[in-house]
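Data block for start11.cif (mmCIF, C-alpha atoms):
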```cif
data_input
loop_
_atom_site.label_atom_id
_atom_site.label_comp_id
_atom_site.auth_asym_id
_atom_site.auth_seq_id
_atom_site.Cartn_x
_atom_site.Cartn_y
_atom_site.Cartn_z
CA MET A 1 100.97 31.42 30.66
CA LYS A 2 103.42 28.81 31.88
CA LYS A 3 106.15 31.44 32.20
CA THR A 4 103.80 33.66 34.20
CA LEU A 5 102.89 30.79 36.54
CA LYS A 6 106.52 29.84 36.98
CA LEU A 7 107.44 33.45 37.79
CA PHE A 8 104.59 33.62 40.32
CA LEU A 9 105.78 30.44 42.07
CA VAL A 10 109.35 31.73 42.21
CA MET A 11 108.11 34.95 43.80
CA LEU A 12 106.17 33.01 46.43
CA VAL A 13 109.23 30.95 47.34
CA PHE A 14 111.37 34.06 47.49
CA ALA A 15 108.84 35.81 49.69
CA GLY A 16 108.79 32.85 52.06
CA LEU A 17 112.57 32.83 52.32
CA THR A 18 112.90 36.53 53.00
CA ALA A 19 109.97 36.84 55.42
CA GLY A 20 111.67 34.67 58.04
CA PRO A 21 109.85 32.98 60.89
CA ALA A 22 106.43 34.23 61.90
CA MET A 23 106.37 36.83 64.66
CA ALA A 24 105.74 35.33 68.09
CA GLU A 25 102.47 36.30 69.71
CA VAL A 26 102.71 39.11 72.27
CA ILE A 27 100.99 38.11 75.52
CA LYS A 28 99.59 41.11 77.34
CA PHE A 29 98.51 40.94 80.96
CA LYS A 30 97.13 43.38 83.52
CA ILE A 31 98.54 44.12 86.98
CA SER A 32 96.10 45.74 89.42
CA LEU A 33 97.31 47.92 92.32
CA ASP A 34 95.31 50.42 94.34
CA THR A 35 98.27 52.53 95.42
CA THR A 36 99.72 55.60 93.66
CA MET A 37 102.68 55.47 91.27
CA ASN A 38 105.21 56.81 93.79
CA HIS A 39 104.35 54.06 96.28
CA PRO A 40 107.06 51.42 97.01
CA ARG A 41 104.83 48.58 95.79
CA ASN A 42 104.30 50.31 92.44
CA GLU A 43 107.96 51.25 92.13
CA GLY A 44 108.99 47.65 92.71
CA MET A 45 106.42 46.34 90.25
CA LEU A 46 107.83 48.60 87.54
CA LYS A 47 111.20 46.87 87.93
CA PHE A 48 109.51 43.48 87.66
CA MET A 49 107.72 44.58 84.49
CA GLU A 50 110.98 45.75 82.92
CA LEU A 51 112.63 42.40 83.67
CA VAL A 52 109.71 40.41 82.27
CA LYS A 53 109.78 42.35 79.00
CA LYS A 54 113.55 42.05 78.70
CA MET A 55 113.79 38.35 79.60
CA SER A 56 110.92 37.43 77.24
CA ASN A 57 112.25 39.59 74.38
CA GLY A 58 108.98 41.49 74.45
CA GLN A 59 106.75 38.42 74.21
CA LEU A 60 105.30 39.12 77.66
CA GLU A 61 103.87 42.61 77.97
CA PRO A 62 102.59 43.58 81.43
CA GLU A 63 100.51 46.72 81.97
CA MET A 64 100.06 48.30 85.38
CA PHE A 65 96.74 49.79 86.47
CA HIS A 66 97.44 51.87 89.59
CA SER A 67 95.38 53.91 92.05
CA ALA A 68 92.48 51.41 91.97
CA GLN A 69 91.86 52.02 88.25
CA LEU A 70 90.73 48.40 88.00
CA TYR A 71 90.14 47.14 91.53
CA LYS A 72 90.57 48.16 95.12
CA ASP A 73 92.67 45.61 96.96
CA THR A 74 89.58 44.57 98.93
CA HIS A 75 88.19 43.11 95.68
CA VAL A 76 91.30 42.06 93.80
CA CYS A 77 91.57 38.50 95.18
CA LYS A 78 88.15 37.66 93.78
CA ALA A 79 89.19 39.18 90.45
CA LEU A 80 92.33 37.00 90.43
CA SER A 81 90.27 33.93 91.21
CA LEU A 82 87.85 34.70 88.37
CA GLY A 83 90.66 35.58 86.01
CA THR A 84 89.37 39.09 85.29
CA VAL A 85 92.83 40.42 86.16
CA GLU A 86 96.07 38.51 85.65
CA MET A 87 98.26 39.76 88.50
CA ALA A 88 98.16 41.72 91.74
CA ALA A 89 99.97 41.98 95.07
CA PRO A 90 97.43 42.39 97.89
CA GLY A 91 98.52 43.19 101.41
CA ILE A 92 98.47 40.46 104.04
CA TRP A 93 95.62 42.30 105.77
CA GLN A 94 93.41 41.56 102.73
CA LEU A 95 94.04 37.81 102.90
CA GLU A 96 92.69 36.89 106.31
CA SER A 97 89.29 35.81 104.96
CA TYR A 98 91.04 33.24 102.74
CA ASP A 99 93.53 32.05 105.34
CA PRO A 100 93.58 33.59 108.84
CA ASN A 101 97.23 32.58 109.19
CA ALA A 102 98.16 35.38 106.78
CA SER A 103 97.50 37.79 109.67
CA ILE A 104 99.78 36.12 112.22
CA THR A 105 102.51 38.77 111.81
CA SER A 106 99.86 41.39 112.70
CA LEU A 107 99.20 39.87 116.12
CA PRO A 108 99.95 41.84 119.31
CA MET A 109 103.16 39.84 119.91
CA PHE A 110 104.67 41.69 116.90
CA TYR A 111 103.87 45.15 118.33
CA GLY A 112 107.10 47.19 118.29
CA GLN A 113 109.25 44.20 117.29
CA PRO A 114 112.22 44.43 114.86
CA SER A 115 111.13 43.97 111.25
CA GLU A 116 114.02 41.54 110.71
CA LYS A 117 112.19 38.93 112.76
CA ALA A 118 109.06 39.16 110.63
CA GLU A 119 111.17 39.08 107.47
CA LYS A 120 112.93 35.87 108.55
CA LEU A 121 109.53 34.33 109.20
CA VAL A 122 107.93 35.21 105.85
CA ASP A 123 111.03 34.10 103.92
CA GLY A 124 111.20 30.72 105.63
CA ASP A 125 109.02 27.63 106.00
CA TRP A 126 106.25 29.65 107.65
CA GLY A 127 105.91 31.92 104.62
CA ALA A 128 106.05 28.96 102.22
CA ARG A 129 103.23 27.18 104.06
CA VAL A 130 101.03 30.25 104.23
CA GLY A 131 101.72 31.02 100.57
CA GLU A 132 100.85 27.48 99.48
CA SER A 133 97.57 27.66 101.37
CA LEU A 134 96.67 31.03 99.85
CA GLY A 135 97.50 29.76 96.39
CA LYS A 136 95.08 26.87 96.71
CA LYS A 137 92.28 28.84 98.33
CA ILE A 138 92.35 31.86 96.00
CA GLY A 139 93.41 30.08 92.83
CA VAL A 140 96.72 31.83 92.22
CA LYS A 141 100.40 31.17 91.67
CA ILE A 142 102.75 32.96 94.05
CA PRO A 143 105.98 33.52 92.09
CA GLY A 144 108.31 34.23 95.00
CA GLY A 145 109.17 36.41 97.97
CA TRP A 146 106.80 39.01 99.35
CA TYR A 147 107.16 42.75 98.82
CA GLU A 148 107.60 44.88 101.90
CA LEU A 149 105.70 48.05 102.64
CA GLY A 150 107.48 48.77 105.91
CA TYR A 151 106.75 49.61 109.52
CA ASN A 152 103.24 50.80 110.31
CA HIS A 153 102.50 53.54 112.81
CA HIS A 154 99.52 55.52 114.10
CA PHE A 155 98.73 58.91 112.56
CA PHE A 156 96.31 61.46 114.04
CA LEU A 157 94.61 64.67 112.98
CA LYS A 158 94.13 66.60 116.21
CA LYS A 159 95.51 64.57 119.11
CA ASP A 160 99.17 64.07 119.96
CA VAL A 161 98.89 60.53 121.31
CA ARG A 162 101.69 59.75 123.75
CA LYS A 163 100.01 57.64 126.42
CA LEU A 164 97.72 54.61 126.28
CA GLU A 165 94.91 56.72 127.69
CA ASP A 166 95.18 59.03 124.68
CA PHE A 167 93.86 56.27 122.40
CA LYS A 168 90.51 56.25 124.17
CA GLY A 169 87.66 57.36 121.92
CA GLN A 170 89.86 57.88 118.86
CA LYS A 171 88.22 56.68 115.64
CA ILE A 172 91.09 55.02 113.78
CA ARG A 173 91.01 53.82 110.17
CA TYR A 174 92.55 50.38 109.76
CA PHE A 175 93.54 48.55 106.57
CA GLY A 176 91.50 45.38 106.63
CA SER A 177 92.04 42.32 108.84
CA ALA A 178 90.09 41.73 112.01
CA VAL A 179 93.44 41.40 113.80
CA ASN A 180 94.16 45.07 113.16
CA ALA A 181 90.71 46.04 114.40
CA GLU A 182 91.20 43.99 117.56
CA ARG A 183 94.58 45.62 118.26
CA ILE A 184 93.03 49.10 118.01
CA LYS A 185 90.33 48.03 120.47
CA ALA A 186 92.96 46.64 122.85
CA LEU A 187 94.79 49.98 122.72
CA GLY A 188 91.53 51.77 123.54
CA GLY A 189 90.54 53.16 120.14
CA SER A 190 87.55 52.59 117.85
CA PRO A 191 88.45 50.84 114.56
CA MET A 192 86.91 51.89 111.25
CA MET A 193 87.57 49.96 108.04
CA ILE A 194 88.05 52.31 105.05
CA SER A 195 89.63 51.47 101.67
CA TRP A 196 92.88 53.30 100.98
CA ALA A 197 91.47 55.17 97.99
CA ASP A 198 88.80 56.68 100.27
CA VAL A 199 91.12 57.71 103.12
CA PRO A 200 91.88 61.34 102.07
CA MET A 201 88.17 62.19 101.89
CA ALA A 202 87.54 60.48 105.24
CA LEU A 203 90.22 62.66 106.81
CA VAL A 204 88.94 65.88 105.24
CA GLN A 205 85.36 65.13 106.28
CA GLY A 206 86.40 64.17 109.81
CA THR A 207 85.00 60.65 109.52
CA VAL A 208 88.05 59.41 111.42
CA ASP A 209 90.42 60.90 113.99
CA GLY A 210 93.44 59.02 112.70
CA LEU A 211 94.67 55.97 110.85
CA GLU A 212 97.16 53.14 110.75
CA THR A 213 99.63 53.35 107.87
CA THR A 214 103.29 53.90 106.97
CA MET A 215 105.35 57.04 106.52
CA LYS A 216 105.62 56.51 102.78
CA SER A 217 101.91 55.82 102.32
CA CYS A 218 101.10 58.99 104.24
CA ASP A 219 103.56 60.98 102.15
CA SER A 220 102.62 59.48 98.75
CA SER A 221 98.98 60.47 99.26
CA LYS A 222 99.96 63.72 101.03
CA LEU A 223 97.79 62.92 104.01
CA ASP A 224 99.66 65.54 106.01
CA GLU A 225 98.05 68.08 103.69
CA ALA A 226 94.68 66.40 104.27
CA GLY A 227 94.88 67.08 108.01
CA VAL A 228 97.30 64.60 109.59
CA LYS A 229 99.44 66.48 112.11
CA TYR A 230 100.75 63.88 114.57
CA VAL A 231 102.55 60.56 114.24
CA LEU A 232 102.94 57.99 116.98
CA LYS A 233 105.95 56.08 115.67
CA ASP A 234 105.21 52.83 117.46
CA HIS A 235 106.24 50.23 114.81
CA PHE A 236 103.16 48.14 115.55
CA MET A 237 103.72 45.76 112.60
CA THR A 238 105.63 45.29 109.35
CA SER A 239 103.38 45.10 106.30
CA TYR A 240 103.92 42.81 103.34
CA TYR A 241 102.36 42.42 99.90
CA VAL A 242 101.97 38.91 98.48
CA PRO A 243 102.53 38.63 94.69
CA MET A 244 99.77 36.64 92.98
CA ILE A 245 99.23 35.49 89.41
CA SER A 246 95.79 34.20 88.44
CA LEU A 247 95.90 30.46 87.73
CA LYS A 248 93.58 31.02 84.78
CA PHE A 249 96.36 33.11 83.22
CA TRP A 250 99.30 31.12 84.59
CA GLU A 251 98.14 27.82 83.13
CA LYS A 252 97.91 29.35 79.65
CA LEU A 253 101.58 30.33 79.71
CA SER A 254 104.27 28.10 78.26
CA LYS A 255 106.80 26.53 80.65
CA ASP A 256 109.42 28.97 79.36
CA HIS A 257 107.19 31.97 80.06
CA GLN A 258 106.32 30.65 83.51
CA LYS A 259 110.01 30.36 84.30
CA ILE A 260 110.60 33.91 83.11
CA MET A 261 107.84 35.20 85.41
CA ILE A 262 109.34 33.40 88.41
CA ASP A 263 112.94 34.34 87.61
CA ALA A 264 112.02 37.99 87.05
CA TRP A 265 110.19 38.13 90.36
CA GLN A 266 112.95 36.45 92.34
CA ALA A 267 115.56 38.73 90.77
CA GLN A 268 114.06 41.94 92.15
CA PHE A 269 111.92 41.44 95.26
CA MET A 270 114.80 41.90 97.72
CA ASP A 271 115.75 45.14 95.96
CA GLN A 272 112.15 46.28 96.41
CA ARG A 273 112.43 45.74 100.16
CA LYS A 274 115.61 47.82 100.36
CA MET A 275 113.96 50.53 98.29
CA ALA A 276 110.84 50.48 100.48
CA ARG A 277 112.90 51.01 103.63
CA ALA A 278 114.80 53.90 102.08
CA MET A 279 111.54 55.44 100.87
CA GLN A 280 110.03 55.22 104.37
CA ASN A 281 112.95 57.22 105.80
CA GLU A 282 112.82 59.74 102.97
CA ALA A 283 109.07 60.19 103.39
CA GLU A 284 109.48 61.03 107.07
CA ASP A 285 111.99 63.76 106.21
CA ILE A 286 109.80 65.09 103.40
CA MET A 287 106.75 65.47 105.64
CA LYS A 288 108.79 67.19 108.35
CA LYS A 289 109.91 69.79 105.82
CA ARG A 290 106.61 70.07 103.95
CA SER A 291 104.16 70.38 106.81
CA GLY A 292 106.14 70.25 110.03
CA ILE A 293 104.39 67.04 111.04
CA ASN A 294 104.94 66.19 114.72
CA ILE A 295 106.53 62.77 115.25
CA HIS A 296 106.78 61.06 118.62
CA GLN A 297 108.66 57.77 119.09
CA PRO A 298 108.07 56.04 122.44
CA ASP A 299 111.11 54.53 124.13
CA PRO A 300 111.59 50.71 124.07
CA ALA A 301 110.36 50.30 127.65
CA THR A 302 107.10 52.10 126.84
CA ILE A 303 106.56 49.97 123.71
CA ALA A 304 107.22 46.80 125.71
CA ALA A 305 104.69 47.91 128.33
CA TRP A 306 102.07 48.64 125.66
CA ARG A 307 102.71 45.26 124.03
CA LYS A 308 102.20 43.59 127.40
CA HIS A 309 98.96 45.56 127.83
CA ILE A 310 97.44 44.29 124.55
CA MET A 311 98.77 40.71 124.70
CA PRO A 312 95.73 39.32 126.62
CA SER A 313 93.64 39.95 123.49
CA GLN A 314 95.82 37.65 121.38
CA GLU A 315 94.98 34.10 122.51
CA PRO A 316 91.18 34.44 122.37
CA PHE A 317 91.45 36.03 118.95
CA VAL A 318 93.79 33.33 117.62
CA LYS A 319 91.18 30.75 118.58
CA LYS A 320 88.27 32.81 117.24
CA LEU A 321 89.87 33.15 113.81
CA GLY A 322 91.01 29.54 113.74
CA MET A 323 94.70 30.23 113.25
CA ASP A 324 96.97 27.18 113.05
CA PRO A 325 98.56 26.72 116.52
CA GLU A 326 101.72 25.34 114.91
CA LEU A 327 102.16 28.41 112.70
CA VAL A 328 101.48 30.71 115.67
CA ALA A 329 104.13 28.79 117.65
CA MET A 330 106.60 29.23 114.78
CA ALA A 331 106.02 32.98 114.95
CA GLN A 332 106.54 33.01 118.70
CA GLU A 333 109.82 31.15 118.27
CA ALA A 334 110.97 33.65 115.62
CA LEU A 335 110.34 36.51 118.05
CA ALA A 336 112.18 34.73 120.84
CA ASP A 337 115.37 34.26 118.78
#
```

Full structure transcribed into structure tokens:
Amino acid sequence: MKKTLKLFLVMLVFAGLTAGPAMAEVIKFKISLDTTMNHPRNEGMLKFMELVKKMSNGQLEPEMFHSAQLYKDTHVCKALSLGTVEMAAPGIWQLESYDPNASITSLPMFYGQPSEKAEKLVDGDWGARVGESLGKKIGVKIPGGWYELGYNHHFFLKKDVRKLEDFKGQKIRYFGSAVNAERIKALGGSPMMISWADVPMALVQGTVDGLETTMKSCDSSKLDEAGVKYVLKDHFMTSYYVPMISLKFWEKLSKDHQKIMIDAWQAQFMDQRKMARAMQNEAEDIMKKRSGINIHQPDPATIAAWRKHIMPSQEPFVKKLGMDPELVAMAQEALAD
């Protein structure tokens, strides 16, 4: 009996020595996006996910839910606040209701302006202040620089819009933000808010005459095959996505895991921007070959004249939304440089 007990104890000790340390817990978390897998936001997020897994030795395991499988971007901020999803990257046009200053780079003064000026703004003190405000109001941690979608243009089904008068009566889908709606009105069109996932059906059914989006977004959802025939390449704004991690999830992470999340994000967001720009150019070429889409780019003088035409709508709207005059001034200075 004693020999049997002794043998049993020896086996337990041996088992403890050979088993090694206990396996670390794998922390899974969900990332919600409402765009398709070949979209520049999704492509960039895949790189982030790879880095997180590698840098955490597999302890952090992100899973992407694309094409609005979990939430449309119109609802994802609430989900982040409640903690029902751990991470997302909503567009700035979805954030106006939380902080109107998020829409400053959508104002008429940015119509047709170089994207480098908007980029300098979002990467500087202006972007830090807006990000801090959004973090507090939504209940999220912003891990670093914003993703870029790219230049936005106007796309139409039946009308080749080349003059301001051509906008009149056109029902144009816009992607959230009252600023975008106001700009369409100032140009002479009629704005209609439709979630991205519902755009192809709206085009097929003739609910709208056109929409505001980017070359890559149009290509990735094959909107040229859904009826889009004309593009007014007017560079009316540069779109950005703001990375957000739910505080309910963030505060459960260890300091080491938090650092990994931040380091992984900072290591790849500039590469995402470069990739997004390349994808925008590629998408334009693809649609030309696939459907022969007609693209018209107004000359700089025409764009400047159109910007001057819509500028009177800016000041009243800035006041109506309650935008911070100091942050608006910072944007004006960035454009003047």

Can you list what the PyMOL selection byres ((chain A and resi 306) around 10) grabs from this structure, as a list in words? Pro108, Tyr111, Gly112, Lys163, Leu164, Ala186, Leu187, Asp234, Pro300, Ala301, Thr302, Ile303, Ala304, Ala305, Arg307, Lys308, His309, Ile310 and Met311 of chain A

Residues at most 6 Å from range 240-245 of chain A, counting all atoms listed in the file, excluding those fewer than 5 positions away in the same chain, as a PyMOL selection string? chain A and resi 86-92+140-142+146-149

Rank nothing, just name the residue among A:His235, A:Lys216, A:His296, A:Lys255 nearest to Gln113 in chain A, using all atoms listed in the file.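 Result for the nearest residue to Gln113 in chain A: A:His235.
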
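One distance worth recording is that between CA of Gly210 in chain A and CA of Met323 in chain A, which is 28.8 Å.
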
Care to translate the PyMOL selection byres ((chain A and resi 297) around 8) into actual residues of this file, as a PyMOL selection string? chain A and resi 232-234+295-296+298-299

Just-selected residues, C-alpha atoms written as an mmCIF file, in the coordinates of the input:
```cif
data_model
loop_
_atom_site.group_PDB
_atom_site.id
_atom_site.type_symbol
_atom_site.label_atom_id
_atom_site.label_comp_id
_atom_site.auth_asym_id
_atom_site.auth_seq_id
_atom_site.Cartn_x
_atom_site.Cartn_y
_atom_site.Cartn_z
ATOM 1 C CA LEU A 232 102.940 57.990 116.980
ATOM 2 C CA LYS A 233 105.950 56.080 115.670
ATOM 3 C CA ASP A 234 105.210 52.830 117.460
ATOM 4 C CA ILE A 295 106.530 62.770 115.250
ATOM 5 C CA HIS A 296 106.780 61.060 118.620
ATOM 6 C CA PRO A 298 108.070 56.040 122.440
ATOM 7 C CA ASP A 299 111.110 54.530 124.130
#
```

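Around the coordinate (94.8, 56.9, 123.6), residues that reach within 12 Å when counting all atoms listed in the file are A:His154, A:Phe155, A:Phe156, A:Lys159, A:Asp160, A:Val161, A:Arg162, A:Lys163, A:Leu164, A:Glu165, A:Asp166, A:Phe167, A:Lys168, A:Gly169, A:Gln170, A:Lys171, A:Ile172, A:Ile184, A:Lys185, A:Ala186, A:Leu187, A:Gly188, A:Gly189, A:Ser190, A:Asp209, A:Gly210, A:Leu232, A:Trp306.
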
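When the PyMOL selection byres ((chain A and resi 249-253) around 10) is run on the displayed coordinates, the residues it returns are Ile27, Phe29, Leu60, Leu80, Gly83, Thr84, Val85, Glu86, Met87, Val140, Lys141, Ile245, Ser246, Leu247, Lys248, Ser254, Lys255, Asp256, His257, Gln258, Lys259 and Met261 of chain A.
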
Go through A:Pro200, A:Pro100, A:Gly135, A:Pro312 and flag the residue nearest Ser221 in chain A, using only C-alpha atoms for the distances.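 Nearest to Ser221 in chain A: A:Pro200.
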
Between CA of Ala329 in chain A and CA of Gln272 in chain A, what distance in Å does the model show, to one decimal?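 Pair CA of Ala329 in chain A / CA of Gln272 in chain A returns 28.7 Å.
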
Atomic separation - CA of Val122 in chain A relative to CA of Ser313 in chain A, Å: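 That distance, rounded to one decimal, is 23.2 Å.
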
Between A:Glu182, A:Glu212, A:Glu63, A:Glu282, which one has atoms that come closest to Met237 in chain A, using all atoms listed in the file? A:Glu212

Restricting the calculation to only C-alpha atoms: of A:Ile293, A:Ala128, A:Ala331, A:Val208, which residue gets closest to Thr105 in chain A?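 Closest candidate: A:Ala331.
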
Can you list, as a list in words, every protein, DNA or RNA residue that comes within 10 Å of Ile260 in chain A when you count all atoms listed in the file, leaving out same-chain residues fewer than 5 positions away?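 Contacts, with the query itself left out: Leu51, Val52, Lys53, Lys54, Met55, Ser56, Leu60, Ser254, Lys255, Trp265 and Gln266 of chain A.
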
Please list as a PyMOL selection string every residue within 12 Å of Ala278 in chain A, counting all atoms listed in the file and excluding residues in the same chain fewer than 2 positions away. chain A and resi 39-40+148-151+215-216+271-276+280-285

Show me the residues around (91.9, 32.1, 115.7) - criterion: an atom at most 12 Å away, only C-alpha atoms counted - as a PDB file with C-alpha atoms, in the coordinates of the input.
```pdb
ATOM      1  CA  GLU A  96      92.690  36.890 106.310  1.00  0.00           C
ATOM      2  CA  SER A  97      89.290  35.810 104.960  1.00  0.00           C
ATOM      3  CA  ASP A  99      93.530  32.050 105.340  1.00  0.00           C
ATOM      4  CA  PRO A 100      93.580  33.590 108.840  1.00  0.00           C
ATOM      5  CA  ASN A 101      97.230  32.580 109.190  1.00  0.00           C
ATOM      6  CA  ALA A 102      98.160  35.380 106.780  1.00  0.00           C
ATOM      7  CA  SER A 103      97.500  37.790 109.670  1.00  0.00           C
ATOM      8  CA  ILE A 104      99.780  36.120 112.220  1.00  0.00           C
ATOM      9  CA  LEU A 107      99.200  39.870 116.120  1.00  0.00           C
ATOM     10  CA  ALA A 178      90.090  41.730 112.010  1.00  0.00           C
ATOM     11  CA  VAL A 179      93.440  41.400 113.800  1.00  0.00           C
ATOM     12  CA  SER A 313      93.640  39.950 123.490  1.00  0.00           C
ATOM     13  CA  GLN A 314      95.820  37.650 121.380  1.00  0.00           C
ATOM     14  CA  GLU A 315      94.980  34.100 122.510  1.00  0.00           C
ATOM     15  CA  PRO A 316      91.180  34.440 122.370  1.00  0.00           C
ATOM     16  CA  PHE A 317      91.450  36.030 118.950  1.00  0.00           C
ATOM     17  CA  VAL A 318      93.790  33.330 117.620  1.00  0.00           C
ATOM     18  CA  LYS A 319      91.180  30.750 118.580  1.00  0.00           C
ATOM     19  CA  LYS A 320      88.270  32.810 117.240  1.00  0.00           C
ATOM     20  CA  LEU A 321      89.870  33.150 113.810  1.00  0.00           C
ATOM     21  CA  GLY A 322      91.010  29.540 113.740  1.00  0.00           C
ATOM     22  CA  MET A 323      94.700  30.230 113.250  1.00  0.00           C
ATOM     23  CA  ASP A 324      96.970  27.180 113.050  1.00  0.00           C
ATOM     24  CA  PRO A 325      98.560  26.720 116.520  1.00  0.00           C
ATOM     25  CA  GLU A 326     101.720  25.340 114.910  1.00  0.00           C
ATOM     26  CA  LEU A 327     102.160  28.410 112.700  1.00  0.00           C
ATOM     27  CA  VAL A 328     101.480  30.710 115.670  1.00  0.00           C
TER      28      VAL A 328
END
```

Would you list the contacts of Glu225 in chain A as a list in words, taking every protein, DNA or RNA residue within 10 Å and counting all atoms listed in the file, but skipping same-chain residues closer than 4 positions in sequence?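 Those residues are Pro200, Val204, Cys218, Asp219, Ser221, Lys229, Met287, Arg290, Ser291 and Ile293 of chain A.
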
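Each of A:Pro143, A:Leu95, A:Gln69, A:Ser133 was compared to Ala264 in chain A using all atoms listed in the file, and A:Pro143 turns out to be the nearest.
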
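Across A:Asn38, A:Phe175, A:Gln268, A:Glu116, the tightest approach to Lys222 in chain A is made by A:Asn38 when counting only C-alpha atoms.
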